[in-house]
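Asker: Let me begin by handing over the structure; questions about it come next.
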Amino acid sequence: MKPAALPSPVPAFHPTAPMAFLRRIAPGVGLSIVVMGAAIGLARVEHGLVGHAWLEPLVLAILLGAAVRTVWTPGARFKPGVDFSAKILLEVAVVLLGASVSAATLAALGVSFVFAILVLVVVGIAVGFGVGRMLGLNPRMALLVACGNAICGNSAIAAVAPVIEAEGEEVAASIAFTAVLGVIVVLALPLLGGLLHMSAPQYGALAGLGVYAVPQVLAAAAPFGPVAVQTGTVVKLVRVLMLGPVILVLSLLAGRNTDPAAQDSTRAKGPGLHRLLPWFIVGFLLMIGLRSLGLIPETWLAPTAAASGLLTVLAMAGLGLQTDIRAVARAGGRVVAAAVLSLGALLALAVLLIRILGL
């Protein structure tokens with residue numbers, strides 16, 4: 001059986017060789033900064049011409065980055081820095097965002113809404129798996145697509161893959177399409193929120209329920225303002241925390257269907273704690289705690305929010321540079337159909353949930 005093809009690791013920082021590390025990421029980070037600058041410049045041009053920006057810098061950064069990637073694939077020397085921008089800097093932005101969220105924001109969701117989110121994740125996985133099987137996908141591929149849609153995209157796929165012993169081609173196809181579909185959702189979701197005349201908290205909840213990755217919630221929710229961003233991030237956090245229980249259940253189910261030796265192998269290959277609870281989620285929660293306890297000075301809040309916003313635009317440029325829209329064709333028609341249909345069902349359930357609970 002072929003090993004699962006997981007995403008390329010982001011270059012690790014070695015304290016003993018900081019200059020070598022910086023030289024390695026400099027070309028890609030520099031390219032991302034150029035795209036970010038172009039996005040911010042275009043947004044200012046929009047504002048000067050029509051009085052406001054129709055497309056936020058976050059969205060423009062994704063579009064420009066994807067356009068660059070479509071006409072020119074950056075060489076290998078750019079990859080470490082682009083990956084660093086799209087992943088590490090985005091995770092840092094999420095941590096800093098925690099300073100803008102207080103415990104009152106969490107409490108505003110209410111116990112019933114948190115429970116409803118958990119139910120939605122379970123139903124989303126079941127529906128996604130059923131759609132995949134109806135379209136002829138094998139159980140492993142159907143489960144990868146379902147977990148990616150219902151929980152947190154590539155991170156969920158990468159965590160689930162070794163537990164269910166997915167093959168490399170299955171993981172690669174799932175991740176390739178998830179990357180492209182995730183960007184499409186970020187760009188299209190504000191239009192849906194506008195058509196449904198959603199308030200900022202309602203749209204933030206929709207973004208948190210429908211967008212794949214925690215950092216991408218920032219870009220999707222930004223057009224509706226800071227309240228939408230805060231609400232979306234907290235809602236998405238609850239979804240991400242479901243990854244641990246889902247992995248545990250899948251591990252137990254996999255163990256039942258294997259002999260003792262295979263069980264030991266599956267446990268050995270299972271995801272570590274860093275996959276079940278990523279560092280930036282811990283950092284985000286810590287910042288919320290510090291803000292709620294009054295340990296973050298008020299004078300720090302505005303600069304922290306500005307830094308988070310700027311890093312997010314930079315990271316969106318990196319994300320766009322990673323996005324190959326031609327990957328959709330390579331992923332295969334049935335995978336595309338399964339991902340789109342299951343995501344559509346998840347969004348429909350999310351809208352229904354928001355309406356029923358009257359957020």
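Ligands are numbered from 1 in the order shown, residues from 1 within each chain, and chains are lettered A, B, ... in the order they appear in the structure tokens.
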Near Phe129 (chain A), counting only C-alpha atoms, which residues have an atom at most 10 Å away, once you skip same-chain residues fewer than 2 positions from it, shown as a list in words?
Answerer: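 The neighbour list is Val123, Gly124, Ile125, Ala126, Val127, Val131, Gly132, Arg133, Met134, Leu135, Leu137, Asn138, Pro139, Arg140, Met141, Ala142, Leu143, Leu144, Val145, Ala146, Cys147, Ala338, Ala339 and Ser342 of chain A.
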Asker: Report the distance between CA of Met19 (chain A) and CA of Thr312 (chain A) in Å, rounded to one decimal place.
Answerer: 24.4 Å
Asker: Measure the distance from CA of Leu31 (chain A) to CA of Leu89 (chain A) in Å and round it to one decimal.
Answerer: 14.2 Å
Asker: Near Leu120 (chain A), within 12 Å and counting only C-alpha atoms, which residues show up once chain neighbours fewer than 3 positions away are dropped, as number ranges by chain?
Answerer: A: 113-117, 123-128, 149-151, 208-210, 235-236, 238-239, 242, 345-354
Asker: Near Val92 (chain A), counting only C-alpha atoms, which residues have an atom at most 12 Å away, once you skip same-chain residues fewer than 2 positions from it, shown as a compact mmCIF listing (two decimals) with all heavy atoms, in the first residue's frame?
Answerer:
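selection_5.txt written:
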```
# COMPACT_ATOMS: atom_id res chain seq x y z
N PHE A 84 5.69 29.21 3.98
CA PHE A 84 5.82 29.87 5.28
C PHE A 84 4.79 30.99 5.41
O PHE A 84 4.14 31.14 6.45
CB PHE A 84 7.23 30.42 5.43
CG PHE A 84 7.49 31.10 6.74
CD1 PHE A 84 7.81 30.36 7.87
CD2 PHE A 84 7.42 32.48 6.85
CE1 PHE A 84 8.05 30.99 9.10
CE2 PHE A 84 7.66 33.11 8.06
CZ PHE A 84 7.98 32.36 9.19
N SER A 85 4.62 31.77 4.35
CA SER A 85 3.65 32.87 4.37
C SER A 85 2.23 32.35 4.51
O SER A 85 1.43 32.86 5.31
CB SER A 85 3.77 33.71 3.09
OG SER A 85 5.05 34.29 2.98
N ALA A 86 1.90 31.31 3.73
CA ALA A 86 0.54 30.81 3.69
C ALA A 86 0.16 30.05 4.96
O ALA A 86 -1.02 30.00 5.32
CB ALA A 86 0.34 29.90 2.48
N LYS A 87 1.14 29.47 5.65
CA LYS A 87 0.82 28.66 6.82
C LYS A 87 1.22 29.33 8.13
O LYS A 87 0.37 29.69 8.94
CB LYS A 87 1.50 27.29 6.70
CG LYS A 87 1.25 26.39 7.91
CD LYS A 87 1.81 25.01 7.69
CE LYS A 87 1.74 24.18 8.98
NZ LYS A 87 0.38 24.07 9.50
N ILE A 88 2.52 29.51 8.35
CA ILE A 88 2.99 30.00 9.64
C ILE A 88 2.51 31.42 9.92
O ILE A 88 2.00 31.72 11.01
CB ILE A 88 4.52 29.92 9.73
CG1 ILE A 88 4.99 28.48 9.51
CG2 ILE A 88 5.00 30.45 11.08
CD1 ILE A 88 4.44 27.49 10.51
N LEU A 89 2.67 32.31 8.95
CA LEU A 89 2.27 33.70 9.17
C LEU A 89 0.75 33.80 9.36
O LEU A 89 0.27 34.65 10.13
CB LEU A 89 2.72 34.59 8.02
CG LEU A 89 4.24 34.74 7.87
CD1 LEU A 89 4.57 35.71 6.75
CD2 LEU A 89 4.88 35.20 9.18
N LEU A 90 0.01 32.95 8.68
CA LEU A 90 -1.44 32.94 8.84
C LEU A 90 -1.83 32.44 10.24
O LEU A 90 -2.75 32.96 10.87
CB LEU A 90 -2.06 32.05 7.77
CG LEU A 90 -3.54 32.22 7.45
CD1 LEU A 90 -3.94 33.67 7.40
CD2 LEU A 90 -3.86 31.53 6.16
N VAL A 94 -3.85 34.36 13.31
CA VAL A 94 -4.98 33.82 14.07
C VAL A 94 -4.74 33.99 15.57
O VAL A 94 -5.65 34.37 16.32
CB VAL A 94 -5.21 32.33 13.72
CG1 VAL A 94 -6.26 31.73 14.66
CG2 VAL A 94 -5.66 32.18 12.28
N VAL A 95 -3.52 33.73 16.01
CA VAL A 95 -3.19 33.91 17.43
C VAL A 95 -3.42 35.36 17.84
O VAL A 95 -4.04 35.65 18.87
CB VAL A 95 -1.74 33.49 17.71
CG1 VAL A 95 -1.35 33.84 19.15
CG2 VAL A 95 -1.56 32.00 17.48
N LEU A 96 -2.92 36.29 17.04
CA LEU A 96 -3.08 37.71 17.36
C LEU A 96 -4.55 38.11 17.36
O LEU A 96 -4.97 38.99 18.12
CB LEU A 96 -2.30 38.57 16.36
CG LEU A 96 -0.78 38.43 16.40
CD1 LEU A 96 -0.14 39.30 15.32
CD2 LEU A 96 -0.23 38.79 17.77
N LEU A 97 -5.34 37.47 16.49
CA LEU A 97 -6.77 37.77 16.44
C LEU A 97 -7.45 37.47 17.77
O LEU A 97 -8.44 38.11 18.13
CB LEU A 97 -7.44 36.98 15.32
CG LEU A 97 -8.95 37.18 15.14
CD1 LEU A 97 -9.26 38.60 14.70
CD2 LEU A 97 -9.51 36.17 14.16
N GLY A 98 -6.91 36.51 18.51
CA GLY A 98 -7.49 36.16 19.79
C GLY A 98 -7.58 37.33 20.75
O GLY A 98 -8.46 37.37 21.62
N ALA A 99 -6.68 38.31 20.58
CA ALA A 99 -6.70 39.49 21.46
C ALA A 99 -7.94 40.34 21.21
O ALA A 99 -8.30 41.17 22.05
CB ALA A 99 -5.44 40.32 21.24
N VAL A 214 -9.37 27.45 9.59
CA VAL A 214 -9.55 28.56 10.53
C VAL A 214 -9.06 29.88 9.94
O VAL A 214 -9.79 30.87 9.96
CB VAL A 214 -8.82 28.27 11.86
CG1 VAL A 214 -8.93 29.45 12.81
CG2 VAL A 214 -9.38 27.02 12.52
N PRO A 215 -7.84 29.93 9.39
CA PRO A 215 -7.36 31.21 8.85
C PRO A 215 -8.22 31.75 7.71
O PRO A 215 -8.37 32.96 7.57
CB PRO A 215 -5.94 30.89 8.39
CG PRO A 215 -5.53 29.71 9.20
CD PRO A 215 -6.78 28.90 9.34
N PRO A 278 -3.92 22.03 17.09
CA PRO A 278 -2.79 22.80 16.55
C PRO A 278 -2.35 23.90 17.51
O PRO A 278 -3.15 24.45 18.26
CB PRO A 278 -3.36 23.38 15.25
CG PRO A 278 -4.49 22.48 14.88
CD PRO A 278 -5.07 22.01 16.19
N TRP A 279 -1.08 24.28 17.41
CA TRP A 279 -0.52 25.27 18.33
C TRP A 279 -1.23 26.61 18.24
O TRP A 279 -1.40 27.29 19.25
CB TRP A 279 0.98 25.45 18.04
CG TRP A 279 1.26 26.26 16.81
CD1 TRP A 279 1.42 25.81 15.54
CD2 TRP A 279 1.44 27.69 16.75
NE1 TRP A 279 1.65 26.85 14.67
CE2 TRP A 279 1.67 28.02 15.39
CE3 TRP A 279 1.40 28.71 17.69
CZ2 TRP A 279 1.87 29.33 14.96
CZ3 TRP A 279 1.60 30.02 17.26
CH2 TRP A 279 1.85 30.31 15.92
N PHE A 280 -1.65 26.99 17.04
CA PHE A 280 -2.26 28.31 16.90
C PHE A 280 -3.65 28.37 17.52
O PHE A 280 -4.11 29.45 17.91
CB PHE A 280 -2.28 28.77 15.44
CG PHE A 280 -3.15 27.94 14.52
CD1 PHE A 280 -4.45 28.31 14.26
CD2 PHE A 280 -2.64 26.82 13.89
CE1 PHE A 280 -5.24 27.56 13.40
CE2 PHE A 280 -3.42 26.07 13.02
CZ PHE A 280 -4.72 26.44 12.79
N ILE A 281 -4.32 27.21 17.63
CA ILE A 281 -5.60 27.17 18.33
C ILE A 281 -5.37 27.40 19.83
O ILE A 281 -6.10 28.14 20.49
CB ILE A 281 -6.33 25.83 18.10
CG1 ILE A 281 -6.63 25.65 16.60
CG2 ILE A 281 -7.60 25.76 18.92
CD1 ILE A 281 -7.55 26.70 16.04
N VAL A 282 -4.33 26.74 20.36
CA VAL A 282 -3.97 26.96 21.76
C VAL A 282 -3.62 28.43 21.99
O VAL A 282 -4.04 29.04 22.97
CB VAL A 282 -2.78 26.05 22.15
CG1 VAL A 282 -2.34 26.34 23.59
CG2 VAL A 282 -3.15 24.58 22.00
N GLY A 283 -2.83 29.00 21.06
CA GLY A 283 -2.46 30.40 21.18
C GLY A 283 -3.66 31.32 21.10
O GLY A 283 -3.75 32.32 21.85
N PHE A 284 -4.59 31.02 20.21
CA PHE A 284 -5.81 31.81 20.06
C PHE A 284 -6.61 31.80 21.36
O PHE A 284 -7.06 32.85 21.85
CB PHE A 284 -6.64 31.24 18.91
CG PHE A 284 -7.96 31.92 18.67
CD1 PHE A 284 -8.02 33.12 17.97
CD2 PHE A 284 -9.14 31.37 19.13
CE1 PHE A 284 -9.24 33.75 17.74
CE2 PHE A 284 -10.36 31.98 18.91
CZ PHE A 284 -10.40 33.18 18.22
N MET A 287 -4.86 33.87 24.07
CA MET A 287 -5.05 35.31 23.89
C MET A 287 -6.45 35.74 24.34
O MET A 287 -6.62 36.81 24.93
CB MET A 287 -4.81 35.69 22.43
CG MET A 287 -3.38 35.52 21.97
SD MET A 287 -2.25 36.68 22.78
CE MET A 287 -2.50 38.13 21.75
N THR A 304 -2.28 45.31 17.63
CA THR A 304 -2.35 43.86 17.48
C THR A 304 -3.33 43.49 16.37
O THR A 304 -3.06 42.61 15.54
CB THR A 304 -2.78 43.19 18.80
OG1 THR A 304 -1.83 43.51 19.81
CG2 THR A 304 -2.86 41.68 18.64
N ALA A 305 -4.50 44.15 16.35
CA ALA A 305 -5.48 43.89 15.30
C ALA A 305 -4.94 44.27 13.93
O ALA A 305 -5.16 43.56 12.94
CB ALA A 305 -6.77 44.66 15.60
N ALA A 307 -1.76 44.34 13.01
CA ALA A 307 -0.73 43.36 12.65
C ALA A 307 -1.38 42.07 12.16
O ALA A 307 -0.94 41.46 11.18
CB ALA A 307 0.18 43.09 13.84
N SER A 308 -2.44 41.65 12.85
CA SER A 308 -3.15 40.44 12.44
C SER A 308 -3.73 40.61 11.03
O SER A 308 -3.62 39.71 10.19
CB SER A 308 -4.28 40.14 13.43
OG SER A 308 -5.05 39.03 13.01
N GLY A 309 -4.32 41.78 10.76
CA GLY A 309 -4.90 42.02 9.44
C GLY A 309 -3.86 42.03 8.34
O GLY A 309 -4.05 41.45 7.26
N LEU A 310 -2.71 42.68 8.60
CA LEU A 310 -1.66 42.75 7.59
C LEU A 310 -1.06 41.37 7.32
O LEU A 310 -0.83 41.00 6.15
CB LEU A 310 -0.56 43.71 8.05
CG LEU A 310 0.44 44.17 6.99
CD1 LEU A 310 -0.27 44.94 5.87
CD2 LEU A 310 1.52 45.05 7.63
N LEU A 311 -0.81 40.61 8.37
CA LEU A 311 -0.28 39.26 8.19
C LEU A 311 -1.27 38.38 7.44
O LEU A 311 -0.87 37.51 6.65
CB LEU A 311 0.04 38.64 9.56
CG LEU A 311 1.29 39.14 10.26
CD1 LEU A 311 1.41 38.51 11.65
CD2 LEU A 311 2.54 38.82 9.44
N THR A 312 -2.56 38.60 7.66
CA THR A 312 -3.57 37.80 6.97
C THR A 312 -3.55 38.09 5.47
O THR A 312 -3.65 37.16 4.64
CB THR A 312 -4.97 38.08 7.53
OG1 THR A 312 -4.96 37.81 8.93
CG2 THR A 312 -6.00 37.19 6.86
N LEU A 314 -0.97 39.14 3.76
CA LEU A 314 0.26 38.53 3.27
C LEU A 314 0.09 37.02 3.11
O LEU A 314 0.52 36.44 2.10
CB LEU A 314 1.40 38.83 4.25
CG LEU A 314 2.77 38.20 3.94
CD1 LEU A 314 3.26 38.62 2.56
CD2 LEU A 314 3.79 38.59 5.02
N ALA A 315 -0.56 36.40 4.08
CA ALA A 315 -0.78 34.96 4.01
C ALA A 315 -1.73 34.59 2.88
O ALA A 315 -1.56 33.56 2.22
CB ALA A 315 -1.33 34.45 5.34
```
